[in-house]
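Novice: To be precise about what I am sending: the file is called model_12.txt and holds compact mmCIF, C-alpha atoms.
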# COMPACT_ATOMS: atom_id res chain seq x y z
CA MET A 22 0.00 0.00 0.00
CA ALA A 23 1.37 3.38 -1.06
CA GLY A 24 1.97 6.15 1.44
CA GLN A 25 0.51 6.61 4.86
CA LYS A 26 -2.13 4.28 6.18
CA THR A 27 -5.55 5.55 5.18
CA GLU A 28 -8.30 5.29 7.74
CA ILE A 29 -11.40 4.01 6.06
CA ALA A 30 -14.90 3.45 7.40
CA VAL A 31 -17.93 2.15 5.51
CA ALA A 32 -21.66 2.89 5.72
CA LEU A 33 -24.53 0.87 4.25
CA VAL A 34 -27.61 3.05 3.88
CA HIS A 35 -31.14 1.57 4.10
CA HIS A 36 -32.82 4.99 4.12
CA PRO A 37 -33.04 7.30 2.23
CA VAL A 38 -32.57 5.09 -0.83
CA LEU A 39 -34.47 4.80 -4.11
CA ASN A 40 -36.95 2.14 -5.16
CA ARG A 41 -37.31 0.86 -8.72
CA LEU A 42 -39.52 3.83 -9.58
CA GLY A 43 -36.98 6.36 -8.35
CA GLU A 44 -39.00 7.17 -5.23
CA THR A 45 -37.55 7.57 -1.76
CA THR A 46 -37.87 4.41 0.32
CA ALA A 47 -36.37 2.35 3.14
CA THR A 48 -35.16 -1.24 2.77
CA ALA A 49 -34.93 -4.00 5.35
CA ILE A 50 -31.56 -4.90 6.84
CA THR A 51 -30.60 -8.42 5.79
CA SER A 52 -28.53 -10.91 7.73
CA THR A 53 -26.31 -11.58 4.70
CA ASP A 54 -25.43 -7.90 4.35
CA VAL A 55 -24.62 -7.60 8.06
CA HIS A 56 -22.27 -10.59 8.02
CA ASP A 57 -20.69 -9.93 4.60
CA PHE A 58 -20.10 -6.23 5.32
CA ALA A 59 -18.62 -7.03 8.74
CA ARG A 60 -16.40 -9.82 7.37
CA SER A 61 -15.11 -8.00 4.28
CA CYS A 62 -14.36 -4.85 6.31
CA ALA A 63 -12.56 -6.78 9.06
CA PHE A 64 -10.60 -8.70 6.43
CA PHE A 65 -9.30 -5.46 4.93
CA ASP A 66 -8.94 -3.64 8.27
CA VAL A 67 -11.75 -1.19 7.61
CA ALA A 68 -13.84 0.07 10.55
CA PRO A 69 -16.33 0.97 11.77
CA VAL A 70 -19.15 -0.39 9.63
CA TYR A 71 -22.22 1.85 9.98
CA LEU A 72 -25.62 0.38 9.22
CA VAL A 73 -28.00 3.26 8.61
CA HIS A 74 -31.69 2.68 9.36
CA PRO A 75 -34.20 4.96 11.06
CA ALA A 76 -36.39 2.17 12.52
CA ALA A 77 -35.72 1.07 16.09
CA GLY A 78 -37.08 -2.37 15.21
CA MET A 79 -34.31 -2.85 12.66
CA HIS A 80 -31.69 -1.91 15.26
CA ALA A 81 -33.20 -4.53 17.57
CA LEU A 82 -33.16 -7.11 14.76
CA VAL A 83 -29.43 -6.56 14.18
CA ASN A 84 -28.78 -6.84 17.91
CA ASP A 85 -30.64 -10.15 17.92
CA MET A 86 -28.72 -11.36 14.86
CA THR A 87 -25.33 -10.52 16.27
CA ARG A 88 -25.71 -11.30 19.98
CA TYR A 89 -24.97 -15.01 19.51
CA TRP A 90 -21.67 -14.17 17.85
CA LEU A 91 -20.74 -11.31 20.15
CA GLU A 92 -21.67 -12.76 23.54
CA GLY A 93 -23.11 -16.23 23.07
CA ALA A 94 -21.62 -19.61 22.26
CA GLY A 95 -20.72 -18.27 18.80
CA ALA A 96 -18.17 -15.89 20.30
CA LYS A 97 -16.20 -18.88 21.61
CA ARG A 98 -16.80 -21.03 18.56
CA ASN A 99 -15.75 -18.42 16.03
CA PRO A 100 -13.73 -15.55 17.56
CA GLY A 101 -13.03 -14.14 14.09
CA ARG A 102 -16.73 -13.58 13.50
CA ARG A 103 -16.94 -11.76 16.83
CA GLU A 104 -14.00 -9.57 15.82
CA ALA A 105 -15.79 -8.70 12.58
CA LEU A 106 -19.27 -8.08 13.98
CA LYS A 107 -18.13 -5.90 16.86
CA GLN A 108 -17.22 -3.19 14.31
CA ILE A 109 -20.92 -2.78 13.43
CA ARG A 110 -22.47 0.55 14.49
CA MET A 111 -26.22 1.02 14.19
CA VAL A 112 -27.19 4.62 13.42
CA ASN A 113 -30.47 6.31 12.54
CA THR A 114 -29.07 8.59 9.87
CA LEU A 115 -25.89 9.09 7.89
CA GLU A 116 -25.50 12.41 9.73
CA ASP A 117 -25.15 10.40 12.96
CA ALA A 118 -22.20 8.53 11.43
CA LEU A 119 -20.63 11.81 10.32
CA ALA A 120 -20.80 13.08 13.90
CA ASP A 121 -18.38 10.28 14.92
CA ALA A 122 -15.29 11.63 13.16
CA ASP A 123 -14.16 14.29 10.70
CA TYR A 124 -14.87 12.06 7.73
CA SER A 125 -14.39 12.87 4.06
CA LEU A 126 -17.58 11.55 2.54
CA TRP A 127 -17.55 9.42 -0.64
CA TYR A 128 -20.67 8.05 -2.30
CA THR A 129 -20.86 5.00 -4.56
CA SER A 130 -23.36 4.16 -7.28
CA ALA A 131 -23.55 2.13 -10.47
CA ASN A 132 -24.94 5.37 -11.95
CA ALA A 133 -22.59 7.89 -10.38
CA PRO A 134 -22.47 11.33 -12.04
CA ALA A 135 -19.84 10.71 -14.74
CA ASP A 136 -18.04 14.05 -14.57
CA GLU A 137 -17.38 13.97 -10.88
CA THR A 138 -16.00 10.52 -10.06
CA ARG A 139 -12.59 9.45 -8.84
CA THR A 140 -11.20 5.95 -8.50
CA VAL A 141 -11.13 4.39 -5.07
CA GLU A 142 -7.38 3.79 -5.44
CA THR A 143 -6.77 7.56 -5.27
CA LEU A 144 -8.00 7.60 -1.67
CA ARG A 145 -4.79 5.78 -0.69
CA GLN A 146 -2.82 8.97 -1.14
CA GLU A 147 -5.15 11.07 0.98
CA HIS A 148 -5.00 11.25 4.71
CA GLY A 149 -8.21 10.01 6.29
CA PRO A 150 -10.55 9.41 7.84
CA HIS A 151 -12.76 8.58 4.86
CA LEU A 152 -16.32 7.27 4.92
CA ILE A 153 -17.33 5.23 1.83
CA VAL A 154 -21.10 5.00 1.51
CA PHE A 155 -23.11 2.25 -0.21
CA GLY A 156 -26.84 2.22 -0.90
CA THR A 157 -29.29 -0.66 -0.80
CA GLY A 158 -32.40 -0.90 -3.00
CA TRP A 159 -31.94 1.04 -6.26
CA GLY A 160 -29.19 3.15 -4.72
CA LEU A 161 -28.59 6.21 -2.54
CA ASP A 162 -31.16 9.00 -2.62
CA ALA A 163 -28.46 11.68 -2.81
CA SER A 164 -31.02 14.50 -2.87
CA ARG A 165 -31.86 13.68 0.76
CA LEU A 166 -28.33 12.98 1.96
CA PRO A 167 -25.49 15.34 2.93
CA GLU A 168 -23.39 16.79 0.10
CA PRO A 169 -20.44 14.39 -0.36
CA ASN A 170 -16.81 15.26 -1.03
CA GLY A 171 -17.31 13.26 -4.21
CA TRP A 172 -18.41 10.04 -5.90
CA LEU A 173 -16.22 7.00 -6.48
CA SER A 174 -16.02 5.62 -10.01
CA PRO A 175 -18.48 2.80 -10.60
CA ILE A 176 -17.14 -0.70 -11.10
CA THR A 177 -17.50 -1.42 -14.79
CA GLY A 178 -18.12 -4.93 -16.00
CA THR A 179 -17.68 -6.65 -19.31
CA GLY A 180 -20.91 -8.62 -19.35
CA LYS A 181 -24.61 -8.33 -19.90
CA VAL A 182 -25.83 -7.14 -16.52
CA ARG A 183 -25.03 -3.73 -15.10
CA HIS A 184 -25.44 -4.22 -11.35
CA LEU A 185 -23.39 -6.14 -8.86
CA SER A 186 -24.80 -6.95 -5.46
CA VAL A 187 -23.79 -4.37 -2.86
CA ARG A 188 -21.81 -7.14 -1.13
CA ALA A 189 -19.77 -7.80 -4.28
CA ALA A 190 -19.24 -4.07 -4.90
CA LEU A 191 -17.94 -3.58 -1.34
CA ALA A 192 -15.48 -6.48 -1.70
CA ILE A 193 -14.10 -5.14 -4.99
CA TYR A 194 -13.72 -1.54 -3.75
CA LEU A 195 -11.88 -2.67 -0.62
CA ASP A 196 -9.59 -4.98 -2.58
CA ARG A 197 -8.73 -2.17 -5.02
CA LEU A 198 -8.14 0.20 -2.12
CA ARG A 199 -5.89 -2.13 -0.15
CA CYS A 200 -3.93 -3.91 -2.90
CA MET B 25 -7.59 -6.85 -20.74
CA ALA B 26 -4.30 -8.21 -22.05
CA GLY B 27 -4.16 -10.69 -24.90
CA GLN B 28 -6.84 -12.95 -26.17
CA LYS B 29 -10.19 -13.22 -24.48
CA THR B 30 -10.06 -15.92 -21.83
CA GLU B 31 -13.07 -18.16 -21.48
CA ILE B 32 -13.85 -18.55 -17.81
CA ALA B 33 -16.44 -20.64 -16.01
CA VAL B 34 -17.04 -20.93 -12.28
CA ALA B 35 -18.15 -23.75 -10.00
CA LEU B 36 -19.42 -23.53 -6.42
CA VAL B 37 -19.02 -26.88 -4.67
CA HIS B 38 -21.38 -27.97 -1.86
CA HIS B 39 -19.99 -31.52 -1.74
CA PRO B 40 -17.35 -32.76 -1.09
CA VAL B 41 -16.34 -29.92 1.22
CA LEU B 42 -14.92 -29.83 4.74
CA ASN B 43 -16.69 -29.03 7.96
CA ARG B 44 -15.09 -27.21 10.89
CA LEU B 45 -13.53 -30.47 12.10
CA GLY B 46 -11.93 -31.19 8.73
CA GLU B 47 -14.40 -33.95 7.93
CA THR B 48 -16.09 -34.45 4.55
CA THR B 49 -19.56 -32.94 4.43
CA ALA B 50 -22.21 -31.39 2.20
CA THR B 51 -23.65 -27.90 2.68
CA ALA B 52 -27.03 -26.49 1.72
CA ILE B 53 -27.35 -24.27 -1.34
CA THR B 54 -28.35 -20.75 -0.26
CA SER B 55 -30.43 -18.26 -2.19
CA THR B 56 -27.83 -15.53 -1.63
CA ASP B 57 -25.06 -17.62 -3.17
CA VAL B 58 -27.20 -18.48 -6.20
CA HIS B 59 -28.05 -14.86 -6.90
CA ASP B 60 -24.66 -13.35 -6.04
CA PHE B 61 -22.73 -15.95 -8.05
CA ALA B 62 -25.06 -15.52 -11.03
CA ARG B 63 -24.92 -11.71 -10.87
CA SER B 64 -21.16 -11.34 -10.37
CA CYS B 65 -20.43 -13.84 -13.16
CA ALA B 66 -22.85 -12.19 -15.59
CA PHE B 67 -21.40 -8.78 -14.72
CA PHE B 68 -17.90 -9.95 -15.67
CA ASP B 69 -19.04 -12.10 -18.62
CA VAL B 70 -18.17 -15.40 -16.96
CA ALA B 71 -20.30 -18.48 -17.73
CA PRO B 72 -21.57 -21.01 -17.04
CA VAL B 73 -21.92 -21.03 -13.26
CA TYR B 74 -21.99 -24.63 -12.01
CA LEU B 75 -23.62 -25.34 -8.66
CA VAL B 76 -22.38 -28.72 -7.48
CA HIS B 77 -24.65 -30.72 -5.19
CA PRO B 78 -25.45 -34.45 -5.21
CA ALA B 79 -28.97 -34.12 -3.73
CA ALA B 80 -31.91 -34.00 -6.14
CA GLY B 81 -33.86 -31.99 -3.55
CA MET B 82 -31.29 -29.21 -3.75
CA HIS B 83 -31.57 -29.12 -7.53
CA ALA B 84 -35.34 -28.79 -7.14
CA LEU B 85 -34.87 -26.00 -4.59
CA VAL B 86 -32.74 -24.00 -7.01
CA ASN B 87 -35.29 -24.54 -9.77
CA ASP B 88 -37.98 -23.21 -7.43
CA MET B 89 -35.81 -20.23 -6.47
CA THR B 90 -35.02 -19.24 -10.03
CA ARG B 91 -38.25 -20.03 -11.90
CA TYR B 92 -39.85 -16.70 -10.95
CA TRP B 93 -36.92 -14.83 -12.50
CA LEU B 94 -36.49 -17.11 -15.52
CA GLU B 95 -40.10 -17.63 -16.55
CA GLY B 96 -42.40 -15.78 -14.18
CA ALA B 97 -43.25 -12.14 -13.68
CA GLY B 98 -39.69 -11.55 -12.52
CA ALA B 99 -38.35 -12.23 -16.02
CA LYS B 100 -40.31 -9.24 -17.30
CA ARG B 101 -39.68 -7.08 -14.27
CA ASN B 102 -35.94 -7.61 -14.21
CA PRO B 103 -34.53 -8.98 -17.50
CA GLY B 104 -30.98 -8.56 -16.21
CA ARG B 105 -31.63 -10.99 -13.41
CA ARG B 106 -32.98 -13.48 -15.92
CA GLU B 107 -29.84 -13.05 -18.03
CA ALA B 108 -27.71 -13.78 -14.96
CA LEU B 109 -29.65 -16.74 -13.60
CA LYS B 110 -29.94 -18.56 -16.90
CA GLN B 111 -26.18 -19.24 -16.75
CA ILE B 112 -26.70 -21.48 -13.70
CA ARG B 113 -26.04 -25.20 -14.31
CA MET B 114 -26.98 -27.69 -11.62
CA VAL B 115 -24.64 -30.71 -11.55
CA ASN B 116 -24.26 -33.64 -9.18
CA THR B 117 -20.48 -33.69 -9.17
CA LEU B 118 -17.57 -31.56 -10.31
CA GLU B 119 -16.75 -34.33 -12.78
CA ASP B 120 -20.10 -33.64 -14.46
CA ALA B 121 -19.02 -30.02 -15.00
CA LEU B 122 -15.68 -31.16 -16.41
CA ALA B 123 -17.52 -33.30 -18.95
CA ASP B 124 -18.98 -30.11 -20.46
CA ALA B 125 -15.76 -28.72 -21.93
CA ASP B 126 -12.02 -29.25 -21.96
CA TYR B 127 -11.51 -27.11 -18.89
CA SER B 128 -8.27 -26.30 -17.15
CA LEU B 129 -9.18 -26.76 -13.51
CA TRP B 130 -8.21 -24.19 -10.85
CA TYR B 131 -9.04 -24.54 -7.15
CA THR B 132 -9.32 -21.70 -4.66
CA SER B 133 -8.85 -21.74 -0.90
CA ALA B 134 -7.89 -19.38 1.90
CA ASN B 135 -5.43 -22.16 2.83
CA ALA B 136 -4.13 -23.09 -0.62
CA PRO B 137 -0.85 -25.06 -0.69
CA ALA B 138 1.69 -22.20 -0.62
CA ASP B 139 4.24 -23.66 -3.04
CA GLU B 140 1.82 -24.33 -5.82
CA THR B 141 -0.30 -21.21 -6.25
CA ARG B 142 -0.51 -18.75 -9.11
CA THR B 143 -2.30 -15.43 -9.23
CA VAL B 144 -5.64 -15.27 -11.00
CA GLU B 145 -4.29 -12.47 -13.21
CA THR B 146 -1.94 -14.95 -14.92
CA LEU B 147 -4.93 -16.83 -16.36
CA ARG B 148 -5.48 -13.86 -18.70
CA GLN B 149 -2.52 -14.92 -20.79
CA GLU B 150 -3.63 -18.52 -21.15
CA HIS B 151 -6.11 -19.69 -23.70
CA GLY B 152 -9.21 -21.16 -22.04
CA PRO B 153 -11.55 -22.60 -21.21
CA HIS B 154 -10.76 -22.39 -17.49
CA LEU B 155 -12.94 -23.57 -14.60
CA ILE B 156 -12.38 -21.73 -11.31
CA VAL B 157 -13.71 -23.70 -8.35
CA PHE B 158 -14.89 -22.34 -4.99
CA GLY B 159 -15.83 -24.35 -1.91
CA THR B 160 -18.55 -23.71 0.64
CA GLY B 161 -18.33 -24.73 4.30
CA TRP B 162 -14.71 -24.89 5.47
CA GLY B 163 -13.46 -25.28 1.89
CA LEU B 164 -12.95 -27.85 -0.85
CA ASP B 165 -12.19 -31.44 0.16
CA ALA B 166 -9.45 -31.75 -2.45
CA SER B 167 -8.69 -35.35 -1.49
CA ARG B 168 -12.06 -36.35 -2.94
CA LEU B 169 -11.98 -34.08 -5.99
CA PRO B 170 -10.17 -34.42 -9.34
CA GLU B 171 -6.52 -33.37 -9.46
CA PRO B 172 -6.53 -29.69 -10.52
CA ASN B 173 -4.14 -27.97 -12.91
CA GLY B 174 -3.30 -25.81 -9.92
CA TRP B 175 -4.44 -23.56 -7.07
CA LEU B 176 -5.03 -19.83 -7.31
CA SER B 177 -3.29 -17.60 -4.78
CA PRO B 178 -5.48 -16.81 -1.80
CA ILE B 179 -6.71 -13.25 -1.36
CA THR B 180 -4.68 -11.80 1.48
CA GLY B 181 -6.16 -9.21 3.78
CA THR B 182 -4.68 -6.66 6.08
CA GLY B 183 -7.04 -7.10 9.01
CA LYS B 184 -7.87 -9.35 11.89
CA VAL B 185 -10.00 -12.01 10.22
CA ARG B 186 -8.66 -14.50 7.69
CA HIS B 187 -11.77 -15.52 5.76
CA LEU B 188 -13.90 -13.63 3.31
CA SER B 189 -17.32 -14.94 2.37
CA VAL B 190 -17.23 -17.05 -0.78
CA ARG B 191 -19.37 -14.34 -2.43
CA ALA B 192 -16.76 -11.66 -1.67
CA ALA B 193 -13.90 -13.92 -2.79
CA LEU B 194 -15.62 -14.59 -6.13
CA ALA B 195 -16.17 -10.87 -6.75
CA ILE B 196 -12.53 -10.03 -6.04
CA TYR B 197 -11.10 -12.84 -8.21
CA LEU B 198 -13.29 -11.86 -11.17
CA ASP B 199 -12.42 -8.17 -10.81
CA ARG B 200 -8.70 -9.00 -10.72
CA LEU B 201 -9.10 -11.29 -13.71
CA ARG B 202 -11.05 -8.84 -15.86
CA CYS B 203 -9.41 -5.52 -14.97
What is this file in structure tokens?
Specialist:
Amino acid sequence: MAGQKTEIAVALVHHPVLNRLGETTATAITSTDVHDFARSCAFFDVAPVYLVHPAAGMHALVNDMTRYWLEGAGAKRNPGRREALKQIRMVNTLEDALADADYSLWYTSANAPADETRTVETLRQEHGPHLIVFGTGWGLDASRLPEPNGWLSPITGTGKVRHLSVRAALAIYLDRLRC
Amino acid sequence: MAGQKTEIAVALVHHPVLNRLGETTATAITSTDVHDFARSCAFFDVAPVYLVHPAAGMHALVNDMTRYWLEGAGAKRNPGRREALKQIRMVNTLEDALADADYSLWYTSANAPADETRTVETLRQEHGPHLIVFGTGWGLDASRLPEPNGWLSPITGTGKVRHLSVRAALAIYLDRLRC
């Protein structure tokens, strides 16, 4: 890795995001996203991992999902999973995450504004902390989110479909950032 | 991409794989793996995607999972998902996949034999077809699988946990191969 160690955090936004019609919506938090985001971030030494959702019930769901691994028998059985999941931070809004540290804010999208993107690799040269933000559903509703420092270049494929899962996109961005 | 186009296929093995005790086992096919493998492969123009499981009930489960997207209302609603999922091939054994084409066979593991690995990028220079094989559970039970041409270098992290999800590993290998 070139230069000074870059401090990176990640946020996965469940509201405000877009639905297929381009309307503002909220999505449910899924167990797969919680575990894959926690594992990929821990693997590449990225923390914390903010899960953004305004519903208290969703915060409780994540606590239920992760308790076994953080405190229960799972913590003994698989200490690595505990290490990963303990970096999860539940917040109501992205603004709450921004209150944690003096983050530079970077948004991601398969449809990022073309004139304004930069590759994730260029963040290596910039002193952190950086917060890289992913959207669920049909992507971030940027009109209802804080103005970012910029957008990261979309991952471009060579095939017939245009959208990776958000889990795959996270893995690829972190690999490109850390390699 | 350097050189000639490389033909790449992927297999996700659910048997024979290892359990946490190092014993031979079979794992269940999960909906997330089916969709994420299909989407990441279609995104990077990799096909087919073999799902290896010896149980007829698991083949039926995958047919149930995918029918909505292949033939039902989902095929109209999301043609890209149809495009991705139609590359799925259910097979009983890895040998059945090998019977499809004259594949060079490459295994992946977080614990690949250190002396014998090569980076996935080097496959770009070699005429295909290549079959890249991923294991579920605690990884491929190589002692019960065909002798491969070789092992791909594990993805190495910088953090505290040693294992990515198989979905994240697939995404990173394909990105490194295609970039």
Novice: Please superimpose chain B upon chain A, fitting all C-alpha atoms matched one to one in order, and report the result as a tab-separated table (two decimals) with C-alpha atoms, keeping the file's coordinate frame.
Specialist:
chain	number	residue	atom	x	y	z
B	25	MET	CA	0.04	-0.03	-0.05
B	26	ALA	CA	1.40	3.35	-1.13
B	27	GLY	CA	1.98	6.14	1.35
B	28	GLN	CA	0.51	6.60	4.75
B	29	LYS	CA	-2.11	4.28	6.12
B	30	THR	CA	-5.55	5.55	5.16
B	31	GLU	CA	-8.28	5.30	7.75
B	32	ILE	CA	-11.40	4.00	6.08
B	33	ALA	CA	-14.90	3.44	7.39
B	34	VAL	CA	-17.93	2.15	5.53
B	35	ALA	CA	-21.65	2.88	5.72
B	36	LEU	CA	-24.53	0.86	4.26
B	37	VAL	CA	-27.62	3.04	3.89
B	38	HIS	CA	-31.15	1.58	4.09
B	39	HIS	CA	-32.83	5.00	4.12
B	40	PRO	CA	-33.03	7.30	2.22
B	41	VAL	CA	-32.58	5.09	-0.84
B	42	LEU	CA	-34.47	4.79	-4.12
B	43	ASN	CA	-36.94	2.15	-5.17
B	44	ARG	CA	-37.31	0.86	-8.72
B	45	LEU	CA	-39.52	3.84	-9.60
B	46	GLY	CA	-36.97	6.36	-8.36
B	47	GLU	CA	-38.99	7.17	-5.26
B	48	THR	CA	-37.55	7.57	-1.76
B	49	THR	CA	-37.87	4.41	0.31
B	50	ALA	CA	-36.37	2.37	3.13
B	51	THR	CA	-35.17	-1.23	2.78
B	52	ALA	CA	-34.93	-4.00	5.34
B	53	ILE	CA	-31.56	-4.89	6.85
B	54	THR	CA	-30.60	-8.43	5.79
B	55	SER	CA	-28.53	-10.93	7.73
B	56	THR	CA	-26.31	-11.56	4.70
B	57	ASP	CA	-25.42	-7.89	4.36
B	58	VAL	CA	-24.61	-7.60	8.07
B	59	HIS	CA	-22.27	-10.57	8.01
B	60	ASP	CA	-20.69	-9.93	4.61
B	61	PHE	CA	-20.10	-6.23	5.32
B	62	ALA	CA	-18.62	-7.03	8.74
B	63	ARG	CA	-16.40	-9.82	7.37
B	64	SER	CA	-15.10	-8.00	4.28
B	65	CYS	CA	-14.35	-4.85	6.31
B	66	ALA	CA	-12.57	-6.78	9.07
B	67	PHE	CA	-10.59	-8.70	6.45
B	68	PHE	CA	-9.30	-5.45	4.94
B	69	ASP	CA	-8.93	-3.64	8.29
B	70	VAL	CA	-11.75	-1.18	7.62
B	71	ALA	CA	-13.86	0.06	10.56
B	72	PRO	CA	-16.34	0.96	11.79
B	73	VAL	CA	-19.15	-0.39	9.63
B	74	TYR	CA	-22.21	1.85	9.98
B	75	LEU	CA	-25.62	0.37	9.21
B	76	VAL	CA	-28.01	3.26	8.62
B	77	HIS	CA	-31.68	2.68	9.37
B	78	PRO	CA	-34.20	4.97	11.09
B	79	ALA	CA	-36.38	2.16	12.53
B	80	ALA	CA	-35.72	1.06	16.11
B	81	GLY	CA	-37.09	-2.39	15.21
B	82	MET	CA	-34.31	-2.85	12.68
B	83	HIS	CA	-31.69	-1.93	15.26
B	84	ALA	CA	-33.20	-4.54	17.57
B	85	LEU	CA	-33.15	-7.11	14.76
B	86	VAL	CA	-29.44	-6.58	14.19
B	87	ASN	CA	-28.78	-6.85	17.92
B	88	ASP	CA	-30.66	-10.17	17.92
B	89	MET	CA	-28.73	-11.37	14.86
B	90	THR	CA	-25.32	-10.54	16.27
B	91	ARG	CA	-25.70	-11.31	19.99
B	92	TYR	CA	-24.99	-15.02	19.49
B	93	TRP	CA	-21.66	-14.18	17.84
B	94	LEU	CA	-20.73	-11.31	20.16
B	95	GLU	CA	-21.68	-12.77	23.53
B	96	GLY	CA	-23.12	-16.24	23.08
B	97	ALA	CA	-21.62	-19.60	22.24
B	98	GLY	CA	-20.73	-18.26	18.81
B	99	ALA	CA	-18.16	-15.88	20.31
B	100	LYS	CA	-16.21	-18.88	21.59
B	101	ARG	CA	-16.82	-21.03	18.55
B	102	ASN	CA	-15.76	-18.42	16.03
B	103	PRO	CA	-13.73	-15.55	17.56
B	104	GLY	CA	-13.04	-14.14	14.10
B	105	ARG	CA	-16.72	-13.58	13.51
B	106	ARG	CA	-16.95	-11.78	16.83
B	107	GLU	CA	-14.01	-9.57	15.83
B	108	ALA	CA	-15.81	-8.70	12.59
B	109	LEU	CA	-19.27	-8.08	13.99
B	110	LYS	CA	-18.14	-5.90	16.86
B	111	GLN	CA	-17.23	-3.19	14.32
B	112	ILE	CA	-20.92	-2.78	13.42
B	113	ARG	CA	-22.47	0.56	14.48
B	114	MET	CA	-26.21	1.01	14.19
B	115	VAL	CA	-27.18	4.63	13.42
B	116	ASN	CA	-30.46	6.30	12.53
B	117	THR	CA	-29.07	8.59	9.87
B	118	LEU	CA	-25.89	9.10	7.89
B	119	GLU	CA	-25.49	12.40	9.74
B	120	ASP	CA	-25.16	10.41	12.97
B	121	ALA	CA	-22.20	8.54	11.44
B	122	LEU	CA	-20.63	11.81	10.33
B	123	ALA	CA	-20.81	13.07	13.91
B	124	ASP	CA	-18.39	10.30	14.93
B	125	ALA	CA	-15.30	11.65	13.16
B	126	ASP	CA	-14.18	14.29	10.70
B	127	TYR	CA	-14.87	12.06	7.73
B	128	SER	CA	-14.39	12.87	4.08
B	129	LEU	CA	-17.58	11.55	2.54
B	130	TRP	CA	-17.55	9.41	-0.63
B	131	TYR	CA	-20.68	8.04	-2.30
B	132	THR	CA	-20.85	5.00	-4.56
B	133	SER	CA	-23.35	4.16	-7.28
B	134	ALA	CA	-23.55	2.13	-10.46
B	135	ASN	CA	-24.94	5.37	-11.95
B	136	ALA	CA	-22.57	7.89	-10.38
B	137	PRO	CA	-22.45	11.34	-12.05
B	138	ALA	CA	-19.83	10.72	-14.76
B	139	ASP	CA	-18.03	14.06	-14.57
B	140	GLU	CA	-17.38	13.97	-10.88
B	141	THR	CA	-16.01	10.52	-10.06
B	142	ARG	CA	-12.60	9.45	-8.84
B	143	THR	CA	-11.21	5.96	-8.51
B	144	VAL	CA	-11.13	4.39	-5.07
B	145	GLU	CA	-7.38	3.80	-5.47
B	146	THR	CA	-6.77	7.56	-5.28
B	147	LEU	CA	-8.01	7.61	-1.68
B	148	ARG	CA	-4.79	5.80	-0.70
B	149	GLN	CA	-2.83	9.00	-1.14
B	150	GLU	CA	-5.15	11.11	0.98
B	151	HIS	CA	-4.99	11.27	4.72
B	152	GLY	CA	-8.22	10.00	6.30
B	153	PRO	CA	-10.55	9.41	7.86
B	154	HIS	CA	-12.75	8.59	4.86
B	155	LEU	CA	-16.32	7.27	4.92
B	156	ILE	CA	-17.33	5.23	1.86
B	157	VAL	CA	-21.10	4.99	1.51
B	158	PHE	CA	-23.11	2.25	-0.22
B	159	GLY	CA	-26.84	2.23	-0.90
B	160	THR	CA	-29.29	-0.65	-0.81
B	161	GLY	CA	-32.40	-0.89	-2.99
B	162	TRP	CA	-31.95	1.03	-6.24
B	163	GLY	CA	-29.18	3.17	-4.72
B	164	LEU	CA	-28.59	6.22	-2.54
B	165	ASP	CA	-31.17	9.02	-2.63
B	166	ALA	CA	-28.47	11.69	-2.80
B	167	SER	CA	-31.02	14.51	-2.85
B	168	ARG	CA	-31.87	13.68	0.76
B	169	LEU	CA	-28.33	12.99	1.96
B	170	PRO	CA	-25.48	15.35	2.92
B	171	GLU	CA	-23.38	16.79	0.10
B	172	PRO	CA	-20.44	14.38	-0.34
B	173	ASN	CA	-16.81	15.27	-1.03
B	174	GLY	CA	-17.31	13.26	-4.19
B	175	TRP	CA	-18.41	10.04	-5.90
B	176	LEU	CA	-16.23	7.00	-6.47
B	177	SER	CA	-16.03	5.61	-9.99
B	178	PRO	CA	-18.49	2.80	-10.59
B	179	ILE	CA	-17.13	-0.71	-11.09
B	180	THR	CA	-17.50	-1.44	-14.78
B	181	GLY	CA	-18.13	-4.95	-16.00
B	182	THR	CA	-17.67	-6.66	-19.29
B	183	GLY	CA	-20.90	-8.64	-19.36
B	184	LYS	CA	-24.59	-8.35	-19.92
B	185	VAL	CA	-25.81	-7.15	-16.54
B	186	ARG	CA	-25.01	-3.72	-15.11
B	187	HIS	CA	-25.43	-4.24	-11.37
B	188	LEU	CA	-23.38	-6.16	-8.88
B	189	SER	CA	-24.80	-6.94	-5.46
B	190	VAL	CA	-23.80	-4.36	-2.87
B	191	ARG	CA	-21.83	-7.14	-1.13
B	192	ALA	CA	-19.77	-7.80	-4.28
B	193	ALA	CA	-19.25	-4.07	-4.89
B	194	LEU	CA	-17.94	-3.58	-1.34
B	195	ALA	CA	-15.49	-6.47	-1.70
B	196	ILE	CA	-14.11	-5.14	-4.98
B	197	TYR	CA	-13.71	-1.53	-3.74
B	198	LEU	CA	-11.87	-2.66	-0.61
B	199	ASP	CA	-9.59	-4.98	-2.58
B	200	ARG	CA	-8.74	-2.17	-5.01
B	201	LEU	CA	-8.15	0.20	-2.12
B	202	ARG	CA	-5.90	-2.12	-0.12
B	203	CYS	CA	-3.92	-3.87	-2.86
Novice: Using all atoms listed in the file, which chain A residues lie at most 6 Å away from chain B, written as a PyMOL selection string?
Specialist: chain A and resi 61+63-66+101+178-180+182+185+189+192-193
Novice: Compare A:Ile29, A:Ala47, A:Ile109, A:Val38 by their minimum atom-to-atom distance to Ser164 of chain A, counting all atoms listed in the file, and give me the closest one.
Specialist: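 Closest residue, counting all atoms listed in the file: A:Val38.
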Novice: Expressed in Å to a single decimal, how great is the separation between atom CA of Arg88 of chain A and atom CA of Thr51 of chain A?
Specialist: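 So the two atoms, atom CA of Arg88 of chain A and atom CA of Thr51 of chain A, lie 15.3 Å apart.
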Novice: So which one's closest to Val157 of chain B, B:Asn43, B:Thr51, B:Ser133, B:Thr143? Using only C-alpha atoms, please.
Specialist: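 Result for the nearest residue to Val157 of chain B: B:Ser133.
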